[in-house]
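For reference, the structure is listed below as structure tokens.
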Amino acid sequence: MARPEFTNTVVVRPLPEQSDPARGQHAFAYTITIRNTGDVAAQLIARHWIITDGEGRTEEVRGLAVVGHQPLLRPGEHFEYTSWTRIATPHGSMRGTFFCMTEDAQPFDAAVPEFALAAAATLH
């Protein structure tokens, strides 16, 4: 039986040039490496993010693709992209899901475990 699976690594860095703490704007870049750790080729179709600031306020973001790409990954291949977000506090978190599809049209979700939005955050 085919086993579709994508796993993700996230690295976060603050973006002081895009932040304005006096106005409650703290920006962070996040680089995600998506790796096909399954045994079938599959494509990332869409994303769903839940972004939470340090006071518990949440924002949900849904959309097709990641930075304009819907990568098709064969087993062992990876795709890396960088994006960014802005929150109202100096720290917070993000978590999400990538909606994916195998080449034979079997859907599956690839979770992105919660990661910190802070000055020096990394999650593997």
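Naming scheme: A, B, ... for chains in displayed order of the structure tokens; residues 1 onward per chain; ligands 1 onward as shown.
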
* Asked: What's the 12 Å shell around Leu72 in chain A, counting only C-alpha atoms, without same-chain residues fewer than 5 positions away, as a list in words?
  -> Phe6, Ile34, Arg35, Asn36, Val40, Ala41, Ala42, Gln43, Leu44, Ile45, Ala65, Glu77, His78, Phe79, Cys100, Met101, Thr102 and Glu103 of chain A

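The protein and nucleic acid residues lying at most 12 Å from Met1 in chain A are A:Pro4, A:Gly38, A:Asp39, A:Val40, with only C-alpha atoms considered and sequence neighbours fewer than 3 positions away removed.
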
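Closest approach to Gln18 in chain A among A:Ala111, A:Trp84, A:Gln106, A:Phe99 is made by A:Trp84 (distances from only C-alpha atoms).
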
* Asked: So which residues of range 4-38 of chain A fall under strand (DSSP E) by DSSP, listed as a PyMOL selection string?
  -> chain A and resi 6-14+26-36

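Using only C-alpha atoms, the smallest distance between any of A:Pro90, A:Arg3, A:His48, A:Gly96 and Ser19 in chain A comes from A:Pro90.
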
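Each of A:Arg47, A:His26, A:Arg86, A:Arg62 was checked against Phe98 in chain A using only C-alpha atoms; the smallest atom-to-atom distance is that of A:Arg47.
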